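Trainee: Structure: query12.txt, compact mmCIF, N, CA and C atoms.
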```txt
# COMPACT_ATOMS: atom_id res chain seq x y z
N MET A 1 0.84 -1.18 0.00
CA MET A 1 0.00 0.00 0.00
C MET A 1 0.88 1.25 0.00
N SER A 2 0.40 2.31 -0.64
CA SER A 2 1.21 3.51 -0.74
C SER A 2 0.36 4.76 -0.48
N ILE A 3 1.05 5.84 -0.25
CA ILE A 3 0.43 7.16 -0.10
C ILE A 3 0.96 8.00 -1.24
N LYS A 4 0.06 8.48 -2.10
CA LYS A 4 0.45 9.30 -3.24
C LYS A 4 0.02 10.73 -2.99
N TYR A 5 0.95 11.66 -3.18
CA TYR A 5 0.65 13.09 -3.09
C TYR A 5 0.46 13.60 -4.51
N VAL A 6 -0.72 14.15 -4.79
CA VAL A 6 -1.09 14.60 -6.12
C VAL A 6 -1.58 16.04 -6.04
N CYS A 7 -1.19 16.87 -7.00
CA CYS A 7 -1.66 18.26 -7.03
C CYS A 7 -3.15 18.27 -7.36
N ARG A 8 -3.91 18.97 -6.56
CA ARG A 8 -5.36 19.04 -6.75
C ARG A 8 -5.76 19.81 -8.00
N HIS A 9 -4.85 20.61 -8.55
CA HIS A 9 -5.18 21.42 -9.72
C HIS A 9 -4.71 20.79 -11.03
N CYS A 10 -3.43 20.44 -11.11
CA CYS A 10 -2.89 19.92 -12.37
C CYS A 10 -2.74 18.40 -12.37
N HIS A 11 -3.04 17.76 -11.25
CA HIS A 11 -3.01 16.29 -11.09
C HIS A 11 -1.63 15.68 -11.30
N THR A 12 -0.58 16.46 -11.09
CA THR A 12 0.78 15.96 -11.18
C THR A 12 1.11 15.15 -9.93
N LEU A 13 1.74 14.00 -10.11
CA LEU A 13 2.20 13.20 -8.98
C LEU A 13 3.40 13.91 -8.37
N ILE A 14 3.29 14.30 -7.12
CA ILE A 14 4.35 15.04 -6.44
C ILE A 14 5.30 14.09 -5.72
N GLY A 15 4.75 13.03 -5.14
CA GLY A 15 5.58 12.07 -4.43
C GLY A 15 4.77 10.87 -3.99
N GLU A 16 5.48 9.83 -3.57
CA GLU A 16 4.82 8.60 -3.14
C GLU A 16 5.62 7.96 -2.01
N LEU A 17 4.90 7.48 -1.00
CA LEU A 17 5.51 6.81 0.15
C LEU A 17 4.89 5.44 0.32
N GLU A 18 5.69 4.49 0.82
CA GLU A 18 5.13 3.19 1.18
C GLU A 18 4.47 3.34 2.54
N ARG A 19 3.23 2.94 2.64
CA ARG A 19 2.43 3.18 3.83
C ARG A 19 2.93 2.44 5.06
N GLN A 20 3.50 1.26 4.93
CA GLN A 20 3.92 0.52 6.11
C GLN A 20 5.07 1.18 6.86
N HIS A 21 5.70 2.18 6.27
CA HIS A 21 6.84 2.84 6.90
C HIS A 21 6.47 4.13 7.64
N VAL A 22 5.24 4.60 7.51
CA VAL A 22 4.84 5.86 8.14
C VAL A 22 3.47 5.72 8.80
N SER A 23 3.22 6.61 9.76
CA SER A 23 1.93 6.62 10.45
C SER A 23 1.22 7.94 10.19
N ASP A 24 -0.07 7.98 10.50
CA ASP A 24 -0.84 9.22 10.36
C ASP A 24 -0.24 10.34 11.21
N GLU A 25 0.24 9.99 12.39
CA GLU A 25 0.83 10.98 13.28
C GLU A 25 2.12 11.54 12.69
N LEU A 26 2.94 10.68 12.10
CA LEU A 26 4.19 11.14 11.49
C LEU A 26 3.93 12.08 10.32
N LEU A 27 2.87 11.84 9.56
CA LEU A 27 2.53 12.68 8.42
C LEU A 27 1.73 13.92 8.82
N GLY A 28 1.27 13.98 10.06
CA GLY A 28 0.52 15.13 10.54
C GLY A 28 -0.97 15.06 10.24
N PHE A 29 -1.45 13.92 9.75
CA PHE A 29 -2.86 13.78 9.42
C PHE A 29 -3.75 13.87 10.67
N HIS A 30 -3.21 13.55 11.83
CA HIS A 30 -4.01 13.58 13.05
C HIS A 30 -4.41 15.01 13.44
N PHE A 31 -3.76 16.02 12.85
CA PHE A 31 -4.13 17.41 13.12
C PHE A 31 -5.34 17.87 12.31
N LEU A 32 -5.70 17.12 11.28
CA LEU A 32 -6.80 17.50 10.40
C LEU A 32 -8.15 17.18 11.04
N THR A 33 -9.12 18.03 10.80
CA THR A 33 -10.48 17.74 11.24
C THR A 33 -11.06 16.66 10.32
N PRO A 34 -12.13 16.01 10.73
CA PRO A 34 -12.75 15.01 9.85
C PRO A 34 -13.14 15.59 8.49
N GLU A 35 -13.59 16.83 8.46
CA GLU A 35 -13.98 17.47 7.20
C GLU A 35 -12.75 17.70 6.31
N GLU A 36 -11.65 18.15 6.92
CA GLU A 36 -10.42 18.37 6.16
C GLU A 36 -9.89 17.04 5.61
N ARG A 37 -9.91 16.01 6.44
CA ARG A 37 -9.45 14.69 5.99
C ARG A 37 -10.26 14.23 4.79
N GLN A 38 -11.57 14.43 4.86
CA GLN A 38 -12.44 13.98 3.78
C GLN A 38 -12.17 14.73 2.48
N SER A 39 -11.84 16.02 2.58
CA SER A 39 -11.61 16.80 1.36
C SER A 39 -10.19 16.65 0.81
N ILE A 40 -9.24 16.25 1.65
CA ILE A 40 -7.85 16.17 1.23
C ILE A 40 -7.42 14.74 0.91
N ILE A 41 -7.90 13.77 1.67
CA ILE A 41 -7.43 12.39 1.56
C ILE A 41 -8.52 11.51 0.96
N SER A 42 -8.13 10.70 -0.01
CA SER A 42 -9.07 9.71 -0.56
C SER A 42 -8.40 8.33 -0.52
N TYR A 43 -9.22 7.33 -0.38
CA TYR A 43 -8.73 5.95 -0.28
C TYR A 43 -9.16 5.18 -1.51
N ASN A 44 -8.22 4.49 -2.13
CA ASN A 44 -8.49 3.69 -3.32
C ASN A 44 -8.89 2.28 -2.90
N PRO A 45 -9.63 1.56 -3.74
CA PRO A 45 -10.07 0.20 -3.39
C PRO A 45 -8.92 -0.75 -3.04
N ASN A 46 -7.74 -0.55 -3.61
CA ASN A 46 -6.62 -1.44 -3.33
C ASN A 46 -5.89 -1.10 -2.04
N GLY A 47 -6.39 -0.09 -1.30
CA GLY A 47 -5.79 0.29 -0.02
C GLY A 47 -4.84 1.46 -0.11
N ASP A 48 -4.52 1.92 -1.33
CA ASP A 48 -3.66 3.10 -1.48
C ASP A 48 -4.40 4.35 -1.04
N MET A 49 -3.64 5.34 -0.62
CA MET A 49 -4.20 6.61 -0.18
C MET A 49 -3.69 7.70 -1.11
N THR A 50 -4.57 8.63 -1.50
CA THR A 50 -4.17 9.77 -2.31
C THR A 50 -4.42 11.03 -1.49
N VAL A 51 -3.39 11.86 -1.39
CA VAL A 51 -3.48 13.11 -0.64
C VAL A 51 -3.42 14.24 -1.66
N ASN A 52 -4.46 15.06 -1.71
CA ASN A 52 -4.54 16.18 -2.65
C ASN A 52 -3.94 17.42 -2.02
N VAL A 53 -2.85 17.89 -2.63
CA VAL A 53 -2.14 19.08 -2.17
C VAL A 53 -1.99 20.02 -3.37
N VAL A 54 -1.25 21.11 -3.21
CA VAL A 54 -1.01 22.05 -4.31
C VAL A 54 0.49 22.06 -4.59
N CYS A 55 0.86 21.80 -5.84
CA CYS A 55 2.28 21.80 -6.22
C CYS A 55 2.81 23.24 -6.26
N ASP A 56 4.12 23.36 -6.31
CA ASP A 56 4.77 24.68 -6.33
C ASP A 56 4.35 25.50 -7.54
N TYR A 57 4.26 24.85 -8.70
CA TYR A 57 3.89 25.56 -9.93
C TYR A 57 2.49 26.17 -9.79
N CYS A 58 1.54 25.37 -9.34
CA CYS A 58 0.15 25.86 -9.22
C CYS A 58 0.04 26.91 -8.11
N LYS A 59 0.77 26.73 -7.02
CA LYS A 59 0.74 27.72 -5.94
C LYS A 59 1.24 29.06 -6.46
N GLU A 60 2.33 29.04 -7.21
CA GLU A 60 2.88 30.28 -7.77
C GLU A 60 1.89 30.92 -8.73
N ALA A 61 1.27 30.11 -9.58
CA ALA A 61 0.29 30.64 -10.54
C ALA A 61 -0.90 31.25 -9.81
N LEU A 62 -1.37 30.60 -8.75
CA LEU A 62 -2.50 31.12 -7.98
C LEU A 62 -2.11 32.38 -7.19
N ASP A 63 -0.86 32.42 -6.69
CA ASP A 63 -0.39 33.61 -5.98
C ASP A 63 -0.33 34.82 -6.90
N HIS A 64 0.09 34.60 -8.14
CA HIS A 64 0.22 35.71 -9.11
C HIS A 64 -1.11 36.07 -9.77
N ASN A 65 -2.05 35.11 -9.77
CA ASN A 65 -3.35 35.32 -10.43
C ASN A 65 -4.46 34.79 -9.51
N PRO A 66 -4.75 35.49 -8.43
CA PRO A 66 -5.72 34.99 -7.44
C PRO A 66 -7.11 34.74 -8.02
N GLU A 67 -7.44 35.39 -9.12
CA GLU A 67 -8.76 35.18 -9.72
C GLU A 67 -8.92 33.75 -10.23
N LEU A 68 -7.82 33.03 -10.45
CA LEU A 68 -7.90 31.64 -10.89
C LEU A 68 -8.57 30.74 -9.84
N SER A 69 -8.51 31.14 -8.59
CA SER A 69 -9.12 30.34 -7.52
C SER A 69 -10.65 30.32 -7.63
N LEU A 70 -11.22 31.22 -8.44
CA LEU A 70 -12.67 31.26 -8.61
C LEU A 70 -13.15 30.24 -9.66
N VAL A 71 -12.22 29.69 -10.43
CA VAL A 71 -12.55 28.75 -11.49
C VAL A 71 -12.44 27.33 -10.93
N THR A 72 -13.33 26.43 -11.35
CA THR A 72 -13.34 25.07 -10.83
C THR A 72 -12.03 24.34 -11.08
N SER A 73 -11.54 24.34 -12.30
CA SER A 73 -10.27 23.70 -12.65
C SER A 73 -9.37 24.72 -13.33
N PRO A 74 -8.71 25.58 -12.56
CA PRO A 74 -8.01 26.71 -13.15
C PRO A 74 -6.77 26.37 -13.97
N LEU A 75 -6.09 25.29 -13.67
CA LEU A 75 -4.80 25.05 -14.29
C LEU A 75 -4.76 23.75 -15.08
N GLN A 76 -5.86 23.35 -15.64
CA GLN A 76 -5.89 22.12 -16.44
C GLN A 76 -5.89 22.46 -17.90
```
Just give me the structure as structure tokens.
Mentor:
Amino acid sequence: MSIKYVCRHCHTLIGELERQHVSDELLGFHFLTPEERQSIISYNPNGDMTVNVVCDYCKEALDHNPELSLVTSPLQ
């Protein structure tokens, strides 16, 4: 089983970890509210976890063009 970090905007794979080597506490997931966990983390049928984050490229684009945050899929 693995944990995949994927950009929520451009869907680029940012990184991947083997799940048996890390815990929710080590990753900081225990600080998230149930609502935040539901919106950020998804579980695949095979047991893999996908964590939706924002990559550096998309963060920079959104910082320079804040109006893009009003669009559903601004950077696709």
Trainee: Expressed in Å to a single decimal, how great is the separation between atom C of A:Tyr43 and atom C of A:Cys55?
Mentor: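 Separation of atom C of A:Tyr43 and atom C of A:Cys55: 22.2 Å.
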Trainee: If I take atom N of A:Asn46 and atom CA of A:Met1, how far is one from the other in Å, to one decimal?
Mentor: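 Interatomic distance here is 8.6 Å.
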Trainee: Taking (-4.1, 16.6, -7.0) in the file's coordinates, which residues come within 7 Å, counting all atoms listed in the file, written as a list in words?
Mentor: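 Checked against the point, the hits come out as Tyr5, Val6, Cys7, Arg8, His9, Cys10, His11, Thr12, Val51, Asn52, Val53 and Val54 of chain A.
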Trainee: For the structure I just gave you, how does DSSP split chain A - specifically, which residues are helix (DSSP H, G or I)? Reply as a ChimeraX atom specification.
Mentor: /A:19-21,24-27,29-31,34-40,56-64,66-70
Trainee: As an exercise, work out the distance from atom CA of A:Asp24 to atom CA of A:Asn44 in Å and give it to one decimal place.
Mentor: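 Distance reported for this atom pair: 16.6 Å.
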Trainee: Pick from A:Ile14, A:Val71, A:Leu27, A:Met49: nearest to A:Ser2, with only C-alpha atoms counted?
Mentor: A:Met49
Trainee: Step one, run DSSP on the backbone; step two, keep only residues of stretch 10-70 of chain A assigned to strand (DSSP E or B); then write them as a VMD selection string.
Mentor: chain A and resid 13 to 18 41 to 43 49 to 53
Trainee: For a cutoff of 5 Å around the file-coordinate point (3.1, 8.9, -3.9), which residues qualify once you count all atoms listed in the file? I'd like the result as a list in words.
Mentor: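 Within 5 Å of (3.1, 8.9, -3.9), the protein and nucleic acid residues are Ile3, Lys4, Tyr5, Gly15, Glu16 and Leu17 of chain A.
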